[in-house]
>>> print(open('target_23.pdb').read())   # PDB, N, CA and C atoms
ATOM      1  N   MET W   1       1.225 -48.738  -7.066  1.00  0.00           N
ATOM      2  CA  MET W   1       1.685 -47.379  -7.065  1.00  0.00           C
ATOM      3  C   MET W   1       1.286 -46.724  -5.742  1.00  0.00           C
ATOM      4  N   GLN W   2       2.221 -45.977  -5.144  1.00  0.00           N
ATOM      5  CA  GLN W   2       1.959 -45.342  -3.855  1.00  0.00           C
ATOM      6  C   GLN W   2       1.661 -43.852  -4.041  1.00  0.00           C
ATOM      7  N   ALA W   3       0.848 -43.311  -3.149  1.00  0.00           N
ATOM      8  CA  ALA W   3       0.538 -41.880  -3.174  1.00  0.00           C
ATOM      9  C   ALA W   3       1.727 -41.100  -2.628  1.00  0.00           C
ATOM     10  N   ALA W   4       1.808 -39.862  -3.055  1.00  0.00           N
ATOM     11  CA  ALA W   4       2.889 -38.993  -2.581  1.00  0.00           C
ATOM     12  C   ALA W   4       2.713 -38.756  -1.081  1.00  0.00           C
ATOM     13  N   PRO W   5       3.811 -38.666  -0.334  1.00  0.00           N
ATOM     14  CA  PRO W   5       3.697 -38.425   1.107  1.00  0.00           C
ATOM     15  C   PRO W   5       3.069 -37.054   1.377  1.00  0.00           C
ATOM     16  N   VAL W   6       2.311 -36.982   2.445  1.00  0.00           N
ATOM     17  CA  VAL W   6       1.644 -35.743   2.830  1.00  0.00           C
ATOM     18  C   VAL W   6       2.435 -35.102   3.962  1.00  0.00           C
ATOM     19  N   ARG W   7       2.661 -33.792   3.846  1.00  0.00           N
ATOM     20  CA  ARG W   7       3.388 -33.071   4.892  1.00  0.00           C
ATOM     21  C   ARG W   7       2.464 -32.815   6.072  1.00  0.00           C
ATOM     22  N   ALA W   8       2.989 -32.969   7.257  1.00  0.00           N
ATOM     23  CA  ALA W   8       2.206 -32.713   8.461  1.00  0.00           C
ATOM     24  C   ALA W   8       2.164 -31.221   8.778  1.00  0.00           C
ATOM     25  N   THR W   9       3.187 -30.478   8.352  1.00  0.00           N
ATOM     26  CA  THR W   9       3.230 -29.037   8.603  1.00  0.00           C
ATOM     27  C   THR W   9       3.240 -28.295   7.271  1.00  0.00           C
ATOM     28  N   ALA W  10       2.657 -27.123   7.276  1.00  0.00           N
ATOM     29  CA  ALA W  10       2.606 -26.306   6.070  1.00  0.00           C
ATOM     30  C   ALA W  10       3.969 -25.666   5.826  1.00  0.00           C
ATOM     31  N   ILE W  11       4.280 -25.454   4.568  1.00  0.00           N
ATOM     32  CA  ILE W  11       5.506 -24.755   4.206  1.00  0.00           C
ATOM     33  C   ILE W  11       5.273 -23.275   4.482  1.00  0.00           C
ATOM     34  N   PRO W  12       6.140 -22.635   5.250  1.00  0.00           N
ATOM     35  CA  PRO W  12       5.915 -21.226   5.570  1.00  0.00           C
ATOM     36  C   PRO W  12       6.023 -20.358   4.315  1.00  0.00           C
ATOM     37  N   SER W  13       5.185 -19.349   4.260  1.00  0.00           N
ATOM     38  CA  SER W  13       5.231 -18.425   3.133  1.00  0.00           C
ATOM     39  C   SER W  13       6.411 -17.466   3.318  1.00  0.00           C
ATOM     40  N   LEU W  14       6.744 -16.781   2.269  1.00  0.00           N
ATOM     41  CA  LEU W  14       7.820 -15.791   2.346  1.00  0.00           C
ATOM     42  C   LEU W  14       7.444 -14.693   3.340  1.00  0.00           C
ATOM     43  N   THR W  15       6.186 -14.263   3.307  1.00  0.00           N
ATOM     44  CA  THR W  15       5.730 -13.229   4.244  1.00  0.00           C
ATOM     45  C   THR W  15       5.877 -13.707   5.681  1.00  0.00           C
ATOM     46  N   GLY W  16       5.475 -14.932   5.945  1.00  0.00           N
ATOM     47  CA  GLY W  16       5.595 -15.478   7.294  1.00  0.00           C
ATOM     48  C   GLY W  16       7.038 -15.564   7.740  1.00  0.00           C
ATOM     49  N   ALA W  17       7.915 -15.970   6.831  1.00  0.00           N
ATOM     50  CA  ALA W  17       9.345 -16.060   7.161  1.00  0.00           C
ATOM     51  C   ALA W  17       9.921 -14.675   7.461  1.00  0.00           C
ATOM     52  N   LEU W  18       9.527 -13.675   6.657  1.00  0.00           N
ATOM     53  CA  LEU W  18      10.028 -12.321   6.892  1.00  0.00           C
ATOM     54  C   LEU W  18       9.514 -11.764   8.220  1.00  0.00           C
ATOM     55  N   ARG W  19       8.274 -12.049   8.548  1.00  0.00           N
ATOM     56  CA  ARG W  19       7.737 -11.578   9.828  1.00  0.00           C
ATOM     57  C   ARG W  19       8.429 -12.253  11.003  1.00  0.00           C
ATOM     58  N   ALA W  20       8.785 -13.520  10.848  1.00  0.00           N
ATOM     59  CA  ALA W  20       9.500 -14.217  11.907  1.00  0.00           C
ATOM     60  C   ALA W  20      10.881 -13.599  12.109  1.00  0.00           C
ATOM     61  N   MET W  21      11.558 -13.273  11.007  1.00  0.00           N
ATOM     62  CA  MET W  21      12.871 -12.626  11.107  1.00  0.00           C
ATOM     63  C   MET W  21      12.728 -11.242  11.744  1.00  0.00           C
ATOM     64  N   GLU W  22      11.695 -10.526  11.353  1.00  0.00           N
ATOM     65  CA  GLU W  22      11.441  -9.205  11.921  1.00  0.00           C
ATOM     66  C   GLU W  22      11.243  -9.305  13.436  1.00  0.00           C
ATOM     67  N   ALA W  23      10.494 -10.302  13.868  1.00  0.00           N
ATOM     68  CA  ALA W  23      10.235 -10.475  15.299  1.00  0.00           C
ATOM     69  C   ALA W  23      11.529 -10.756  16.056  1.00  0.00           C
ATOM     70  N   LEU W  24      12.444 -11.497  15.436  1.00  0.00           N
ATOM     71  CA  LEU W  24      13.715 -11.804  16.087  1.00  0.00           C
ATOM     72  C   LEU W  24      14.643 -10.596  16.138  1.00  0.00           C
ATOM     73  N   LEU W  25      14.642  -9.800  15.074  1.00  0.00           N
ATOM     74  CA  LEU W  25      15.624  -8.731  14.952  1.00  0.00           C
ATOM     75  C   LEU W  25      15.172  -7.387  15.526  1.00  0.00           C
ATOM     76  N   LEU W  26      13.887  -7.119  15.504  1.00  0.00           N
ATOM     77  CA  LEU W  26      13.402  -5.805  15.924  1.00  0.00           C
ATOM     78  C   LEU W  26      12.592  -5.902  17.204  1.00  0.00           C
ATOM     79  N   GLY W  27      12.654  -4.862  17.975  1.00  0.00           N
ATOM     80  CA  GLY W  27      11.794  -4.782  19.145  1.00  0.00           C
ATOM     81  C   GLY W  27      10.381  -4.436  18.700  1.00  0.00           C
ATOM     82  N   SER W  28       9.424  -4.597  19.576  1.00  0.00           N
ATOM     83  CA  SER W  28       8.036  -4.360  19.193  1.00  0.00           C
ATOM     84  C   SER W  28       7.800  -2.898  18.813  1.00  0.00           C
ATOM     85  N   GLY W  29       8.500  -1.977  19.449  1.00  0.00           N
ATOM     86  CA  GLY W  29       8.343  -0.560  19.107  1.00  0.00           C
ATOM     87  C   GLY W  29       8.801  -0.262  17.693  1.00  0.00           C
ATOM     88  N   GLN W  30       9.919  -0.840  17.291  1.00  0.00           N
ATOM     89  CA  GLN W  30      10.413  -0.642  15.932  1.00  0.00           C
ATOM     90  C   GLN W  30       9.480  -1.291  14.919  1.00  0.00           C
ATOM     91  N   ARG W  31       8.965  -2.447  15.260  1.00  0.00           N
ATOM     92  CA  ARG W  31       8.026  -3.134  14.378  1.00  0.00           C
ATOM     93  C   ARG W  31       6.781  -2.293  14.159  1.00  0.00           C
ATOM     94  N   THR W  32       6.252  -1.745  15.245  1.00  0.00           N
ATOM     95  CA  THR W  32       5.058  -0.910  15.158  1.00  0.00           C
ATOM     96  C   THR W  32       5.342   0.336  14.325  1.00  0.00           C
ATOM     97  N   ALA W  33       6.490   0.952  14.531  1.00  0.00           N
ATOM     98  CA  ALA W  33       6.851   2.148  13.770  1.00  0.00           C
ATOM     99  C   ALA W  33       6.966   1.833  12.283  1.00  0.00           C
ATOM    100  N   ARG W  34       7.571   0.711  11.951  1.00  0.00           N
ATOM    101  CA  ARG W  34       7.715   0.331  10.541  1.00  0.00           C
ATOM    102  C   ARG W  34       6.359   0.080   9.905  1.00  0.00           C
ATOM    103  N   ARG W  35       5.493  -0.609  10.617  1.00  0.00           N
ATOM    104  CA  ARG W  35       4.156  -0.889  10.071  1.00  0.00           C
ATOM    105  C   ARG W  35       3.349   0.400   9.932  1.00  0.00           C
ATOM    106  N   ASN W  36       3.475   1.301  10.900  1.00  0.00           N
ATOM    107  CA  ASN W  36       2.788   2.589  10.793  1.00  0.00           C
ATOM    108  C   ASN W  36       3.295   3.383   9.594  1.00  0.00           C
ATOM    109  N   ALA W  37       4.601   3.352   9.373  1.00  0.00           N
ATOM    110  CA  ALA W  37       5.177   4.062   8.233  1.00  0.00           C
ATOM    111  C   ALA W  37       4.659   3.479   6.923  1.00  0.00           C
ATOM    112  N   TRP W  38       4.582   2.163   6.822  1.00  0.00           N
ATOM    113  CA  TRP W  38       4.091   1.521   5.600  1.00  0.00           C
ATOM    114  C   TRP W  38       2.613   1.852   5.381  1.00  0.00           C
ATOM    115  N   THR W  39       1.834   1.881   6.452  1.00  0.00           N
ATOM    116  CA  THR W  39       0.427   2.255   6.347  1.00  0.00           C
ATOM    117  C   THR W  39       0.304   3.682   5.824  1.00  0.00           C
ATOM    118  N   SER W  40       1.181   4.571   6.284  1.00  0.00           N
ATOM    119  CA  SER W  40       1.175   5.957   5.803  1.00  0.00           C
ATOM    120  C   SER W  40       1.518   6.033   4.323  1.00  0.00           C
ATOM    121  N   VAL W  41       2.478   5.248   3.889  1.00  0.00           N
ATOM    122  CA  VAL W  41       2.849   5.214   2.470  1.00  0.00           C
ATOM    123  C   VAL W  41       1.648   4.777   1.633  1.00  0.00           C
ATOM    124  N   LEU W  42       0.976   3.729   2.059  1.00  0.00           N
ATOM    125  CA  LEU W  42      -0.179   3.241   1.310  1.00  0.00           C
ATOM    126  C   LEU W  42      -1.298   4.281   1.269  1.00  0.00           C
ATOM    127  N   GLU W  43      -1.511   4.975   2.370  1.00  0.00           N
ATOM    128  CA  GLU W  43      -2.544   6.015   2.418  1.00  0.00           C
ATOM    129  C   GLU W  43      -2.176   7.187   1.510  1.00  0.00           C
ATOM    130  N   ASP W  44      -0.894   7.580   1.492  1.00  0.00           N
ATOM    131  CA  ASP W  44      -0.450   8.647   0.592  1.00  0.00           C
ATOM    132  C   ASP W  44      -0.668   8.261  -0.866  1.00  0.00           C
ATOM    133  N   ARG W  45      -0.391   7.012  -1.208  1.00  0.00           N
ATOM    134  CA  ARG W  45      -0.618   6.541  -2.580  1.00  0.00           C
ATOM    135  C   ARG W  45      -2.091   6.587  -2.936  1.00  0.00           C
ATOM    136  N   ARG W  46      -2.952   6.213  -1.982  1.00  0.00           N
ATOM    137  CA  ARG W  46      -4.394   6.226  -2.232  1.00  0.00           C
ATOM    138  C   ARG W  46      -4.880   7.657  -2.460  1.00  0.00           C
ATOM    139  N   ARG W  47      -4.386   8.595  -1.632  1.00  0.00           N
ATOM    140  CA  ARG W  47      -4.787   9.998  -1.792  1.00  0.00           C
ATOM    141  C   ARG W  47      -4.302  10.567  -3.119  1.00  0.00           C
ATOM    142  N   ALA W  48      -3.088  10.211  -3.526  1.00  0.00           N
ATOM    143  CA  ALA W  48      -2.560  10.683  -4.811  1.00  0.00           C
ATOM    144  C   ALA W  48      -3.410  10.145  -5.961  1.00  0.00           C
ATOM    145  N   LYS W  49      -3.793   8.901  -5.875  1.00  0.00           N
ATOM    146  CA  LYS W  49      -4.651   8.304  -6.910  1.00  0.00           C
ATOM    147  C   LYS W  49      -6.000   9.027  -6.958  1.00  0.00           C
ATOM    148  N   ASP W  50      -6.551   9.340  -5.788  1.00  0.00           N
ATOM    149  CA  ASP W  50      -7.822  10.066  -5.727  1.00  0.00           C
ATOM    150  C   ASP W  50      -7.690  11.465  -6.331  1.00  0.00           C
ATOM    151  N   ARG W  51      -6.561  12.152  -6.076  1.00  0.00           N
ATOM    152  CA  ARG W  51      -6.343  13.485  -6.647  1.00  0.00           C
ATOM    153  C   ARG W  51      -6.291  13.430  -8.164  1.00  0.00           C
ATOM    154  N   VAL W  52      -5.588  12.434  -8.698  1.00  0.00           N
ATOM    155  CA  VAL W  52      -5.483  12.294 -10.152  1.00  0.00           C
ATOM    156  C   VAL W  52      -6.864  12.045 -10.747  1.00  0.00           C
ATOM    157  N   GLU W  53      -7.632  11.188 -10.123  1.00  0.00           N
ATOM    158  CA  GLU W  53      -8.977  10.898 -10.616  1.00  0.00           C
ATOM    159  C   GLU W  53      -9.867  12.140 -10.553  1.00  0.00           C
ATOM    160  N   ALA W  54      -9.793  12.904  -9.484  1.00  0.00           N
ATOM    161  CA  ALA W  54     -10.581  14.135  -9.355  1.00  0.00           C
ATOM    162  C   ALA W  54     -10.188  15.141 -10.429  1.00  0.00           C
ATOM    163  N   GLN W  55      -8.891  15.238 -10.720  1.00  0.00           N
ATOM    164  CA  GLN W  55      -8.427  16.158 -11.752  1.00  0.00           C
ATOM    165  C   GLN W  55      -8.970  15.740 -13.112  1.00  0.00           C
ATOM    166  N   ARG W  56      -8.974  14.455 -13.408  1.00  0.00           N
ATOM    167  CA  ARG W  56      -9.514  13.972 -14.682  1.00  0.00           C
ATOM    168  C   ARG W  56     -10.997  14.303 -14.806  1.00  0.00           C
ATOM    169  N   VAL W  57     -11.735  14.130 -13.726  1.00  0.00           N
ATOM    170  CA  VAL W  57     -13.167  14.430 -13.742  1.00  0.00           C
ATOM    171  C   VAL W  57     -13.385  15.920 -13.983  1.00  0.00           C
ATOM    172  N   MET W  58     -12.612  16.764 -13.298  1.00  0.00           N
ATOM    173  CA  MET W  58     -12.751  18.212 -13.467  1.00  0.00           C
ATOM    174  C   MET W  58     -12.428  18.634 -14.899  1.00  0.00           C
ATOM    175  N   GLU W  59     -11.379  18.053 -15.477  1.00  0.00           N
ATOM    176  CA  GLU W  59     -11.007  18.400 -16.846  1.00  0.00           C
ATOM    177  C   GLU W  59     -12.047  17.917 -17.840  1.00  0.00           C
ATOM    178  N   ALA W  60     -12.658  16.778 -17.577  1.00  0.00           N
ATOM    179  CA  ALA W  60     -13.678  16.238 -18.471  1.00  0.00           C
ATOM    180  C   ALA W  60     -14.991  17.005 -18.345  1.00  0.00           C
ATOM    181  N   ALA W  61     -15.215  17.688 -17.221  1.00  0.00           N
ATOM    182  CA  ALA W  61     -16.471  18.398 -16.984  1.00  0.00           C
ATOM    183  C   ALA W  61     -16.608  19.619 -17.885  1.00  0.00           C
ATOM    184  N   GLY W  62     -15.550  20.183 -18.328  1.00  0.00           N
ATOM    185  CA  GLY W  62     -15.651  21.335 -19.215  1.00  0.00           C
ATOM    186  C   GLY W  62     -14.406  22.181 -19.177  1.00  0.00           C
ATOM    187  N   PRO W  63     -14.361  23.147 -20.086  1.00  0.00           N
ATOM    188  CA  PRO W  63     -13.175  24.018 -20.123  1.00  0.00           C
ATOM    189  C   PRO W  63     -13.129  24.930 -18.909  1.00  0.00           C
ATOM    190  N   ARG W  64     -11.952  25.325 -18.588  1.00  0.00           N
ATOM    191  CA  ARG W  64     -11.768  26.236 -17.456  1.00  0.00           C
ATOM    192  C   ARG W  64     -12.203  27.628 -17.862  1.00  0.00           C
ATOM    193  N   ARG W  65     -12.806  28.316 -16.920  1.00  0.00           N
ATOM    194  CA  ARG W  65     -13.185  29.713 -17.166  1.00  0.00           C
ATOM    195  C   ARG W  65     -12.078  30.593 -16.613  1.00  0.00           C
ATOM    196  N   THR W  66     -11.710  31.568 -17.402  1.00  0.00           N
ATOM    197  CA  THR W  66     -10.683  32.499 -16.937  1.00  0.00           C
ATOM    198  C   THR W  66     -11.354  33.764 -16.415  1.00  0.00           C
ATOM    199  N   ALA W  67     -10.793  34.335 -15.412  1.00  0.00           N
ATOM    200  CA  ALA W  67     -11.347  35.567 -14.843  1.00  0.00           C
ATOM    201  C   ALA W  67     -11.051  36.721 -15.783  1.00  0.00           C
ATOM    202  N   ARG W  68     -12.053  37.564 -15.994  1.00  0.00           N
ATOM    203  CA  ARG W  68     -11.872  38.736 -16.846  1.00  0.00           C
ATOM    204  C   ARG W  68     -11.345  39.891 -16.014  1.00  0.00           C
ATOM    205  N   PRO W  69     -10.393  40.607 -16.561  1.00  0.00           N
ATOM    206  CA  PRO W  69      -9.873  41.772 -15.805  1.00  0.00           C
ATOM    207  C   PRO W  69     -10.959  42.834 -15.684  1.00  0.00           C
ATOM    208  N   SER W  70     -11.003  43.522 -14.547  1.00  0.00           N
ATOM    209  CA  SER W  70     -12.026  44.565 -14.335  1.00  0.00           C
ATOM    210  C   SER W  70     -11.612  45.889 -14.907  1.00  0.00           C
TER     211      SER W  70
END
>>> encode(input="target_23.pdb", output="structure tokens")
Amino acid sequence: MQAAPVRATAIPSLTGALRAMEALLLGSGQRTARRNAWTSVLEDRRRAKDRVEAQRVMEAAGPRRTARPS
């Protein structure tokens, strides 16, 4: 019985293939802009998650006090 043949090169991942296509189709400025935009999206999601968590903590801390009219 023979062992299965071993590949000399790794099979490219989907991410690697997409980055290669991006490099062919887009200039470096467009690539940088797209990556910056995606980084901003991820940061906005993180901030939104933090806001929701802060709101939950505030609500769990106790009832809201209402201002009394003078």
>>> atom_distance(input="target_23.pdb", atom1="atom C of W:Ala60", atom2="atom N of W:Arg47")
21.5 Å
>>> atom_distance(input="target_23.pdb", atom1="atom C of W:Glu43", atom2="atom CA of W:Gly27")
25.5 Å
>>> axis_aligned_box(input="target_23.pdb", around="stretch 38-54 of chain W", padding_each_side="3 Å", output="JSON")
{"center_x": -3.0, "center_y": 8.3, "center_z": -2.0, "size_x": 21.2, "size_y": 19.6, "size_z": 23.6}
>>> atom_distance(input="target_23.pdb", atom1="atom CA of W:Thr32", atom2="atom CA of W:Arg46")
21.0 Å
>>> closest_residue(input="target_23.pdb", among="W:Ala61, W:Asp50, W:Arg19, W:Arg56", to="W:Arg35", atoms="only C-alpha atoms")
W:Arg19
